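Source file: input.tsv (TSV, C-alpha atoms)
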chain	number	residue	atom	x	y	z
O	1	MET	CA	110.41	182.96	130.97
O	2	MET	CA	108.63	179.98	132.46
O	3	THR	CA	111.15	177.68	130.78
O	4	ALA	CA	114.04	179.65	132.25
O	5	VAL	CA	112.57	179.39	135.75
O	6	VAL	CA	112.04	175.65	135.41
O	7	LEU	CA	115.54	175.20	134.03
O	8	ALA	CA	117.06	177.21	136.87
O	9	ALA	CA	115.12	175.17	139.41
O	10	MET	CA	116.33	171.95	137.83
O	11	LEU	CA	119.95	173.11	137.84
O	12	GLY	CA	119.59	174.19	141.45
O	13	ALA	CA	118.25	170.79	142.40
O	14	VAL	CA	121.19	169.06	140.75
O	15	LEU	CA	123.73	171.30	142.45
O	16	LEU	CA	122.17	171.00	145.89
O	17	ALA	CA	121.32	167.42	145.50
O	18	ALA	CA	124.30	165.21	145.23
O	19	VAL	CA	125.62	164.27	148.57
O	20	TYR	CA	128.57	162.19	149.15
O	21	ARG	CA	131.01	161.76	151.87
O	22	GLU	CA	134.66	161.05	151.54
O	23	ASN	CA	136.74	159.73	154.45
O	24	GLY	CA	133.62	158.77	156.34
O	25	SER	CA	133.53	161.78	158.59
O	26	GLN	CA	131.70	164.78	157.28
O	27	ALA	CA	128.75	165.03	154.93
O	28	ILE	CA	129.37	167.48	152.14
O	29	LEU	CA	127.28	168.73	149.26
O	30	LEU	CA	128.90	168.49	145.87
O	31	PRO	CA	127.65	168.72	142.34
O	32	ASP	CA	127.73	165.18	141.02
O	33	GLN	CA	127.10	163.86	137.55
O	34	VAL	CA	126.70	160.26	138.69
O	35	MET	CA	123.85	160.57	141.16
O	36	THR	CA	121.13	163.19	141.35
O	37	LEU	CA	119.45	163.21	144.73
O	38	PHE	CA	116.09	164.87	145.13
O	39	PRO	CA	115.88	167.22	148.11
O	40	ALA	CA	112.20	166.28	148.48
O	41	PRO	CA	111.79	162.61	147.45
O	42	LYS	CA	108.60	162.04	145.49
O	43	PRO	CA	106.10	159.46	146.83
O	44	LEU	CA	105.15	157.07	144.07
O	45	ALA	CA	101.51	156.34	143.24
O	46	ALA	CA	99.99	152.89	142.74
O	47	PHE	CA	101.07	150.72	139.80
O	48	ALA	CA	100.73	147.01	139.03
O	49	PHE	CA	103.23	144.71	137.36
O	50	THR	CA	103.85	140.97	137.45
O	51	ASP	CA	107.26	139.62	138.45
O	52	HIS	CA	109.14	136.75	136.84
O	53	GLU	CA	107.58	134.33	139.33
O	54	ASN	CA	104.10	135.49	138.31
O	55	ARG	CA	103.54	137.32	141.58
O	56	VAL	CA	102.00	140.77	141.71
O	57	PHE	CA	104.62	143.47	141.84
O	58	ASP	CA	102.98	146.66	143.03
O	59	LEU	CA	103.74	149.67	145.22
O	60	SER	CA	103.74	147.54	148.38
O	61	ARG	CA	106.70	145.54	147.03
O	62	LEU	CA	108.77	148.74	147.04
O	63	LYS	CA	108.14	149.41	150.73
O	64	GLY	CA	110.76	148.52	153.33
O	65	LYS	CA	113.55	148.23	150.78
O	66	TRP	CA	115.79	150.41	148.72
O	67	SER	CA	114.95	149.54	145.10
O	68	PHE	CA	117.20	150.03	142.11
O	69	LEU	CA	114.98	150.13	139.01
O	70	PHE	CA	116.20	149.74	135.46
O	71	PHE	CA	114.08	149.80	132.29
O	72	GLY	CA	115.15	147.53	129.42
O	73	TYR	CA	114.25	144.41	127.42
O	74	THR	CA	115.84	141.00	126.98
O	75	HIS	CA	116.44	141.33	123.21
O	76	CYS	CA	118.91	144.08	124.09
O	77	PRO	CA	122.43	142.78	123.44
O	78	ASP	CA	124.52	145.75	124.52
O	79	ILE	CA	123.27	148.27	127.09
O	80	CYS	CA	121.01	145.96	129.15
O	81	PRO	CA	123.52	143.17	129.89
O	82	MET	CA	126.17	145.79	130.52
O	83	THR	CA	123.93	147.59	133.03
O	84	LEU	CA	122.76	144.38	134.74
O	85	ALA	CA	126.36	143.20	135.09
O	86	THR	CA	127.25	146.59	136.61
O	87	LEU	CA	124.30	146.40	139.02
O	88	ALA	CA	125.31	142.85	140.01
O	89	ARG	CA	128.77	144.15	140.94
O	90	ALA	CA	127.21	147.09	142.82
O	91	HIS	CA	125.01	144.60	144.71
O	92	GLU	CA	128.06	142.52	145.60
O	93	SER	CA	129.83	145.60	146.92
O	94	ILE	CA	126.78	146.70	148.97
O	95	ALA	CA	126.43	143.18	150.39
O	96	LYS	CA	129.96	143.42	151.78
O	97	THR	CA	129.07	146.38	154.01
O	98	THR	CA	128.16	145.93	157.65
O	99	ALA	CA	124.57	146.87	156.87
O	100	GLY	CA	124.54	144.26	154.10
O	101	ALA	CA	122.10	144.08	151.21
O	102	LYS	CA	119.01	142.66	152.94
O	103	ASP	CA	117.20	145.97	152.53
O	104	VAL	CA	118.12	146.31	148.85
O	105	GLN	CA	116.46	144.94	145.71
O	106	PHE	CA	117.24	145.27	142.02
O	107	VAL	CA	114.34	145.30	139.59
O	108	PHE	CA	114.61	145.01	135.82
O	109	ILE	CA	111.45	146.43	134.24
O	110	SER	CA	110.89	145.10	130.73
O	111	VAL	CA	109.26	147.63	128.41
O	112	ASP	CA	108.76	144.82	125.88
O	113	PRO	CA	106.01	142.67	127.45
O	114	SER	CA	105.02	141.12	124.11
O	115	ARG	CA	108.36	139.29	123.86
O	116	ASP	CA	109.42	139.15	127.51
O	117	THR	CA	107.37	136.47	129.21
O	118	ALA	CA	107.83	135.73	132.91
O	119	GLY	CA	109.93	132.67	132.07
O	120	LYS	CA	112.26	134.59	129.77
O	121	LEU	CA	112.59	137.44	132.25
O	122	GLY	CA	113.47	135.02	135.03
O	123	GLU	CA	116.20	133.29	132.98
O	124	TYR	CA	117.55	136.67	131.98
O	125	VAL	CA	117.76	138.58	135.25
O	126	THR	CA	118.81	135.69	137.48
O	127	TYR	CA	121.71	134.94	135.14
O	128	PHE	CA	123.28	138.23	136.24
O	129	ASP	CA	122.36	137.89	139.91
O	130	THR	CA	120.13	135.27	141.47
O	131	SER	CA	118.44	137.90	143.64
O	132	PHE	CA	117.44	140.16	140.72
O	133	LEU	CA	113.77	140.55	139.89
O	134	GLY	CA	112.31	140.87	136.42
O	135	VAL	CA	108.93	142.55	136.12
O	136	THR	CA	106.68	143.75	133.34
O	137	GLY	CA	103.10	144.79	132.74
O	138	SER	CA	100.65	146.33	130.32
O	139	SER	CA	101.77	149.32	128.31
O	140	ALA	CA	99.43	151.48	130.43
O	141	GLN	CA	101.12	150.32	133.64
O	142	LEU	CA	104.60	150.68	132.14
O	143	GLY	CA	103.69	154.19	131.05
O	144	ASN	CA	102.34	154.89	134.52
O	145	LEU	CA	105.54	154.08	136.41
O	146	ALA	CA	107.85	155.40	133.69
O	147	GLY	CA	105.92	158.67	133.80
O	148	GLN	CA	106.27	158.94	137.56
O	149	LEU	CA	110.03	158.46	137.28
O	150	GLY	CA	110.49	160.59	134.18
O	151	ALA	CA	111.78	157.52	132.32
O	152	ALA	CA	111.26	157.52	128.59
O	153	TYR	CA	110.91	154.51	126.34
O	154	GLU	CA	109.69	153.72	122.87
O	155	VAL	CA	108.88	150.30	121.45
O	156	ALA	CA	108.42	150.23	117.70
O	157	ILE	CA	106.52	146.94	117.47
O	158	THR	CA	106.40	145.77	113.89
O	159	PRO	CA	103.78	143.09	113.23
O	160	GLY	CA	105.17	139.96	111.64
O	161	THR	CA	108.71	140.41	112.85
O	162	ASP	CA	110.40	139.52	116.08
O	163	ASN	CA	113.07	142.08	115.49
O	164	TYR	CA	112.03	145.66	116.22
O	165	PRO	CA	113.83	148.59	117.77
O	166	VAL	CA	113.36	149.59	121.39
O	167	TYR	CA	114.61	152.80	122.94
O	168	HIS	CA	114.74	153.26	126.69
O	169	THR	CA	116.22	155.42	129.41
O	170	ALA	CA	119.57	153.96	130.42
O	171	ALA	CA	119.48	155.57	133.88
O	172	VAL	CA	118.99	153.61	137.11
O	173	PHE	CA	116.27	154.91	139.44
O	174	LEU	CA	116.53	154.60	143.19
O	175	VAL	CA	113.35	154.32	145.23
O	176	ASP	CA	113.66	154.55	149.02
O	177	PRO	CA	112.04	152.20	151.59
O	178	ARG	CA	109.05	154.54	151.84
O	179	ALA	CA	108.40	154.01	148.11
O	180	ARG	CA	109.57	157.49	147.27
O	181	TYR	CA	111.59	158.29	144.14
O	182	HIS	CA	114.77	159.37	145.87
O	183	ALA	CA	117.64	159.51	143.39
O	184	VAL	CA	118.73	158.67	139.88
O	185	PHE	CA	122.05	157.37	138.55
O	186	ALA	CA	122.94	158.65	135.10
O	187	PRO	CA	124.87	156.62	132.54
O	188	PRO	CA	127.66	155.79	131.96
O	189	LEU	CA	127.23	153.67	135.09
O	190	ASP	CA	129.94	152.02	137.09
O	191	ALA	CA	129.49	149.68	140.02
O	192	GLU	CA	131.87	151.49	142.32
O	193	GLY	CA	130.29	154.89	141.58
O	194	ILE	CA	126.82	153.54	142.39
O	195	SER	CA	127.66	151.50	145.48
O	196	ARG	CA	129.85	154.14	147.08
O	197	ARG	CA	127.16	156.80	146.80
O	198	PHE	CA	124.41	154.44	147.85
O	199	LYS	CA	126.24	153.38	151.02
O	200	VAL	CA	126.57	157.03	152.09
O	201	LEU	CA	122.98	157.82	151.21
O	202	ARG	CA	121.64	154.83	153.13
O	203	GLU	CA	123.71	155.77	156.15
O	204	LEU	CA	122.39	159.33	156.06
O	205	GLU	CA	118.79	158.36	155.36
O	206	GLY	CA	118.64	155.00	157.08
O	207	PRO	CA	117.12	155.79	160.46
O	208	LYS	CA	114.53	158.16	158.96
O	209	ALA	CA	113.60	155.89	156.09
O	210	THR	CA	112.88	152.65	157.90
H	1	MET	CA	165.58	156.04	80.11
H	2	ARG	CA	165.30	153.45	82.89
H	3	TRP	CA	161.49	153.35	82.68
H	4	ARG	CA	161.89	151.85	79.25
H	5	ASP	CA	164.10	149.08	80.59
H	6	PRO	CA	161.79	146.04	80.43
H	7	VAL	CA	163.58	144.30	83.28
H	8	PHE	CA	163.21	147.27	85.61
H	9	PHE	CA	159.62	147.87	84.56
H	10	GLY	CA	158.85	144.21	85.12
H	11	LEU	CA	160.36	144.40	88.56
H	12	ILE	CA	158.19	147.37	89.47
H	13	LEU	CA	155.07	145.58	88.21
H	14	ALA	CA	155.99	142.51	90.20
H	15	LEU	CA	156.32	144.56	93.36
H	16	ILE	CA	152.87	146.15	93.14
H	17	PRO	CA	150.88	143.08	94.24
H	18	ILE	CA	153.28	142.52	97.14
H	19	ALA	CA	152.80	146.09	98.31
H	20	ALA	CA	149.04	145.70	98.01
H	21	ALA	CA	149.09	142.41	99.86
H	22	SER	CA	151.09	143.83	102.75
H	23	GLU	CA	148.66	146.74	102.95
H	24	GLU	CA	145.76	144.31	103.21
H	25	GLY	CA	147.60	142.55	106.01
H	26	GLY	CA	147.58	145.85	107.83
H	27	VAL	CA	143.95	145.53	108.89
H	28	SER	CA	143.72	143.48	112.05
H	29	VAL	CA	141.62	142.80	115.09
H	30	ARG	CA	142.62	142.30	118.69
H	31	ASP	CA	140.74	141.65	121.93
H	32	ALA	CA	137.78	140.11	120.07
H	33	TRP	CA	135.05	138.78	122.36
H	34	VAL	CA	131.37	137.92	122.44
H	35	ARG	CA	129.22	138.33	125.52
H	36	GLU	CA	127.91	135.14	127.10
H	37	MET	CA	124.17	135.46	127.53
H	38	PRO	CA	121.57	133.70	129.66
H	39	ARG	CA	120.07	130.54	128.20
H	40	GLY	CA	117.33	131.12	125.67
H	41	VAL	CA	118.29	134.73	124.92
H	42	ALA	CA	118.24	135.39	121.21
H	43	MET	CA	120.70	138.24	121.06
H	44	THR	CA	124.26	138.89	122.00
H	45	ALA	CA	127.00	141.27	120.95
H	46	GLY	CA	130.56	141.06	119.68
H	47	TYR	CA	133.30	143.52	120.57
H	48	MET	CA	136.88	144.14	119.40
H	49	VAL	CA	139.56	146.64	118.60
H	50	LEU	CA	139.71	147.06	114.84
H	51	GLN	CA	143.07	148.37	113.63
H	52	ASN	CA	143.85	149.86	110.25
H	53	LYS	CA	147.60	150.05	109.87
H	54	THR	CA	147.41	150.76	106.16
H	55	SER	CA	147.84	154.21	104.69
H	56	ARG	CA	144.33	154.16	103.20
H	57	PRO	CA	140.90	154.40	104.78
H	58	GLN	CA	139.22	151.00	105.10
H	59	VAL	CA	135.46	150.65	105.14
H	60	LEU	CA	133.84	147.80	107.06
H	61	VAL	CA	130.68	146.96	105.13
H	62	ALA	CA	129.49	143.64	106.54
H	63	ALA	CA	130.12	140.80	108.94
H	64	ARG	CA	128.94	137.22	108.62
H	65	SER	CA	129.08	134.03	110.60
H	66	SER	CA	127.62	130.57	110.14
H	67	GLY	CA	127.08	130.45	113.90
H	68	PHE	CA	124.23	132.99	113.93
H	69	GLU	CA	121.10	133.73	111.96
H	70	THR	CA	122.20	137.33	111.37
H	71	VAL	CA	125.22	139.50	112.10
H	72	THR	CA	124.75	143.24	111.83
H	73	ILE	CA	126.94	146.17	112.66
H	74	HIS	CA	125.22	148.29	115.29
H	75	HIS	CA	125.88	151.42	117.21
H	76	THR	CA	124.33	152.23	120.58
H	77	ILE	CA	123.14	155.79	120.41
H	78	ALA	CA	121.43	158.34	122.58
H	79	LYS	CA	118.07	159.50	121.26
H	80	GLU	CA	116.63	162.37	123.24
H	81	SER	CA	116.85	161.04	126.81
H	82	MET	CA	116.85	157.43	125.66
H	83	THR	CA	119.34	154.86	124.51
H	84	GLY	CA	118.82	152.60	121.56
H	85	MET	CA	120.61	150.83	118.77
H	86	GLU	CA	121.04	151.89	115.22
H	87	HIS	CA	122.20	149.84	112.27
H	88	ALA	CA	125.51	151.17	110.95
H	89	PRO	CA	125.57	150.17	107.24
H	90	GLN	CA	129.29	150.88	107.02
H	91	ILE	CA	132.08	152.14	109.22
H	92	GLU	CA	135.08	153.96	107.88
H	93	LEU	CA	138.40	153.35	109.56
H	94	LEU	CA	140.85	156.15	108.98
H	95	PRO	CA	144.41	155.31	107.86
H	96	ASN	CA	146.59	154.23	110.77
H	97	ALA	CA	143.70	154.40	113.21
H	98	SER	CA	141.93	152.02	115.56
H	99	LEU	CA	138.23	151.79	116.24
H	100	LEU	CA	136.91	150.39	119.47
H	101	PHE	CA	133.85	148.15	119.43
H	102	ALA	CA	132.86	148.20	123.10
H	103	PRO	CA	129.78	147.98	125.33
H	104	GLY	CA	127.75	151.14	124.95
H	105	GLY	CA	129.13	151.91	121.48
H	106	TYR	CA	129.82	150.01	118.27
H	107	HIS	CA	129.11	146.30	118.40
H	108	LEU	CA	128.31	143.37	116.17
H	109	MET	CA	124.74	142.39	116.93
H	110	LEU	CA	124.52	138.60	116.80
H	111	SER	CA	121.05	137.10	116.64
H	112	ASN	CA	119.81	133.55	117.21
H	113	PRO	CA	123.02	131.62	117.87
H	114	LYS	CA	122.89	128.10	116.40
H	115	ARG	CA	124.21	126.66	119.67
H	116	THR	CA	124.36	127.82	123.28
H	117	LEU	CA	127.52	129.82	123.79
H	118	ARG	CA	129.41	129.46	127.04
H	119	ALA	CA	132.38	131.40	128.35
H	120	GLY	CA	135.54	130.03	126.78
H	121	ASP	CA	133.84	128.98	123.52
H	122	ARG	CA	135.14	130.28	120.22
H	123	VAL	CA	133.00	132.05	117.63
H	124	ASP	CA	134.20	132.67	114.07
H	125	ILE	CA	133.03	135.83	112.34
H	126	THR	CA	134.26	137.15	108.99
H	127	LEU	CA	134.55	140.89	108.53
H	128	GLU	CA	134.13	142.23	105.01
H	129	PHE	CA	135.64	145.47	103.80
H	130	ARG	CA	134.93	147.53	100.72
H	131	GLY	CA	137.20	146.45	97.89
H	132	GLY	CA	136.94	142.77	98.71
H	133	LEU	CA	139.19	142.42	101.73
H	134	VAL	CA	137.87	139.75	104.09
H	135	LEU	CA	139.18	139.19	107.57
H	136	PRO	CA	138.27	136.02	109.49
H	137	VAL	CA	138.31	136.69	113.22
H	138	ALA	CA	138.04	134.30	116.18
H	139	TYR	CA	136.03	135.76	119.07
H	140	GLU	CA	136.23	134.39	122.58
H	141	VAL	CA	132.97	134.04	124.50
H	142	ARG	CA	133.28	135.82	127.84
H	143	LYS	CA	131.02	136.44	130.77
Translate this structure into structure tokens?
Amino acid sequence: MMTAVVLAAMLGAVLLAAVYRENGSQAILLPDQVMTLFPAPKPLAAFAFTDHENRVFDLSRLKGKWSFLFFGYTHCPDICPMTLATLARAHESIAKTTAGAKDVQFVFISVDPSRDTAGKLGEYVTYFDTSFLGVTGSSAQLGNLAGQLGAAYEVAITPGTDNYPVYHTAAVFLVDPRARYHAVFAPPLDAEGISRRFKVLRELEGPKAT
Amino acid sequence: MRWRDPVFFGLILALIPIAAASEEGGVSVRDAWVREMPRGVAMTAGYMVLQNKTSRPQVLVAARSSGFETVTIHHTIAKESMTGMEHAPQIELLPNASLLFAPGGYHLMLSNPKRTLRAGDRVDITLEFRGGLVLPVAYEVRK
């Protein structure tokens, strides 16, 4: 019974949630499999990572900007480069709007801190887009933020080998300028699908959020 | 009986290897590429369209290249709400079918390249099929 109620609530949220506007005139509500918007964005609690320039990356770094967060690892040859390349194209498209991309940041969160040093993360993320940030932290801190976003990951570290499997959520999480978990983009991701929805969302939320 | 005619029988026998050879030629690859990766990254992936134009199933069992430490056939899969990679020990190609190796699906996982690969470079990888068929393929490095 409880499960059914929760399920119904989740379905309701998805149906109500996705907003996007065609032709630039009227906001309409449509079910959308690309972006799930939360009717009541969830304020995130404190966490502490280190970015690829060895600076602290905590909750305060999420404030004042829209943040696209993606969990992955640099030994990931398929999904991670594909997603980062998609996000780089989305960034390019957002930058072309009148509002620009000054209030937007893209953060790659490595769930593999034992292999992904700051130096490696920096080389990796900036290859796709020079503005991208790479961050990582202790497994407790990774679990903390992943838990708040409902992002799952699993690192099967095998001592003695540098080659172990990693599983991670392939979704992209959107945190608003008040550091609230606002929306999530589900794979398969495409740059146009992300940027088009984001531009509408920012326009609708903009004045309230900043 | 014609079957007893040694000349005719010999002709049939002679044709068998030709038929077999042309069937082998029916496995091909197009649009083969390897993803350029940032400097110092140990892993990349190879993609292609693998075509089996023979009338028999063909089973890809291995891939090798002198340009990498290891080459393994992988498949990106969904596991619960997560994504990960799984080793695919073999892949069967149905007769007259194509199989797409593309981002988010099947790929050749290429580890520890012996040299830095840049867009436009060429990478040689040999695909091995059950029954001994080998197919050398040139992959283009792309961004």
Distance query segment 73-75 of chain O at most 9 Å, all atoms listed in the file, self and fewer than 6 positions along chain excluded, as a list of chain:residue names: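 Residues meeting the cut-off are O:Pro81, O:Phe108, O:Ile109, O:Ser110, O:Val111, O:Asp112, O:Pro113, O:Arg115, O:Asp116, O:Lys120, O:Leu121, O:Tyr124, O:Val125, O:Asn163, O:Val166, O:His168, H:Val41, H:Ala42, H:Met43, H:Thr44.
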Just how far from atom CA of Ile79 of chain O is atom CA of Leu127 of chain H, in Å to one decimal? 22.9 Å
To one decimal place, how far is atom CA of Ser138 of chain O from atom CA of Phe49 of chain O in Å?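 Atom CA of Ser138 of chain O sits 7.7 Å away from atom CA of Phe49 of chain O.
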Restrict the distance test to all atoms listed in the file, flag each residue of chain H within 10 Å of chain O, and return the flagged residues as an NGL selection string. :H and (35-47 or 74-86 or 102-111 or 143)
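The gap separating atom CA of Ala46 of chain O from atom CA of Asp58 of chain O is 6.9 Å, in Å to one decimal.
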Would you kindly return, as a list in words, each protein, DNA or RNA residue with an atom no farther than 9 Å from any atom of Leu44 of chain O, considering all atoms listed in the file and excluding same-chain residues fewer than 6 positions away?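 Non-adjacent residues within range: Leu59, Leu145, Gln148, Leu149, Val175, Ala179, Arg180 and Tyr181 of chain O.
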Hey, what's within 7 Å of segment 119-122 of chain H if we count all atoms listed in the file and toss same-chain stuff fewer than 4 positions away? As number ranges by chain, please? H: 36, 138-143
Counting all atoms listed in the file, I want the residues whose atoms come within 9 Å of (100.8, 146.9, 134.8) in the file frame, returned as an MDAnalysis selection string. chainID O and resid 47:50 57:58 136:145
For the residues selected in the previous step, produce a file with C-alpha atoms as a PDB file, in the frame of the given file.
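See part.pdb below for the written result:
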ATOM      1  CA  PHE O  47     101.070 150.720 139.800  1.00  0.00           C
ATOM      2  CA  ALA O  48     100.730 147.010 139.030  1.00  0.00           C
ATOM      3  CA  PHE O  49     103.230 144.710 137.360  1.00  0.00           C
ATOM      4  CA  THR O  50     103.850 140.970 137.450  1.00  0.00           C
ATOM      5  CA  PHE O  57     104.620 143.470 141.840  1.00  0.00           C
ATOM      6  CA  ASP O  58     102.980 146.660 143.030  1.00  0.00           C
ATOM      7  CA  THR O 136     106.680 143.750 133.340  1.00  0.00           C
ATOM      8  CA  GLY O 137     103.100 144.790 132.740  1.00  0.00           C
ATOM      9  CA  SER O 138     100.650 146.330 130.320  1.00  0.00           C
ATOM     10  CA  SER O 139     101.770 149.320 128.310  1.00  0.00           C
ATOM     11  CA  ALA O 140      99.430 151.480 130.430  1.00  0.00           C
ATOM     12  CA  GLN O 141     101.120 150.320 133.640  1.00  0.00           C
ATOM     13  CA  LEU O 142     104.600 150.680 132.140  1.00  0.00           C
ATOM     14  CA  GLY O 143     103.690 154.190 131.050  1.00  0.00           C
ATOM     15  CA  ASN O 144     102.340 154.890 134.520  1.00  0.00           C
ATOM     16  CA  LEU O 145     105.540 154.080 136.410  1.00  0.00           C
TER      17      LEU O 145
END
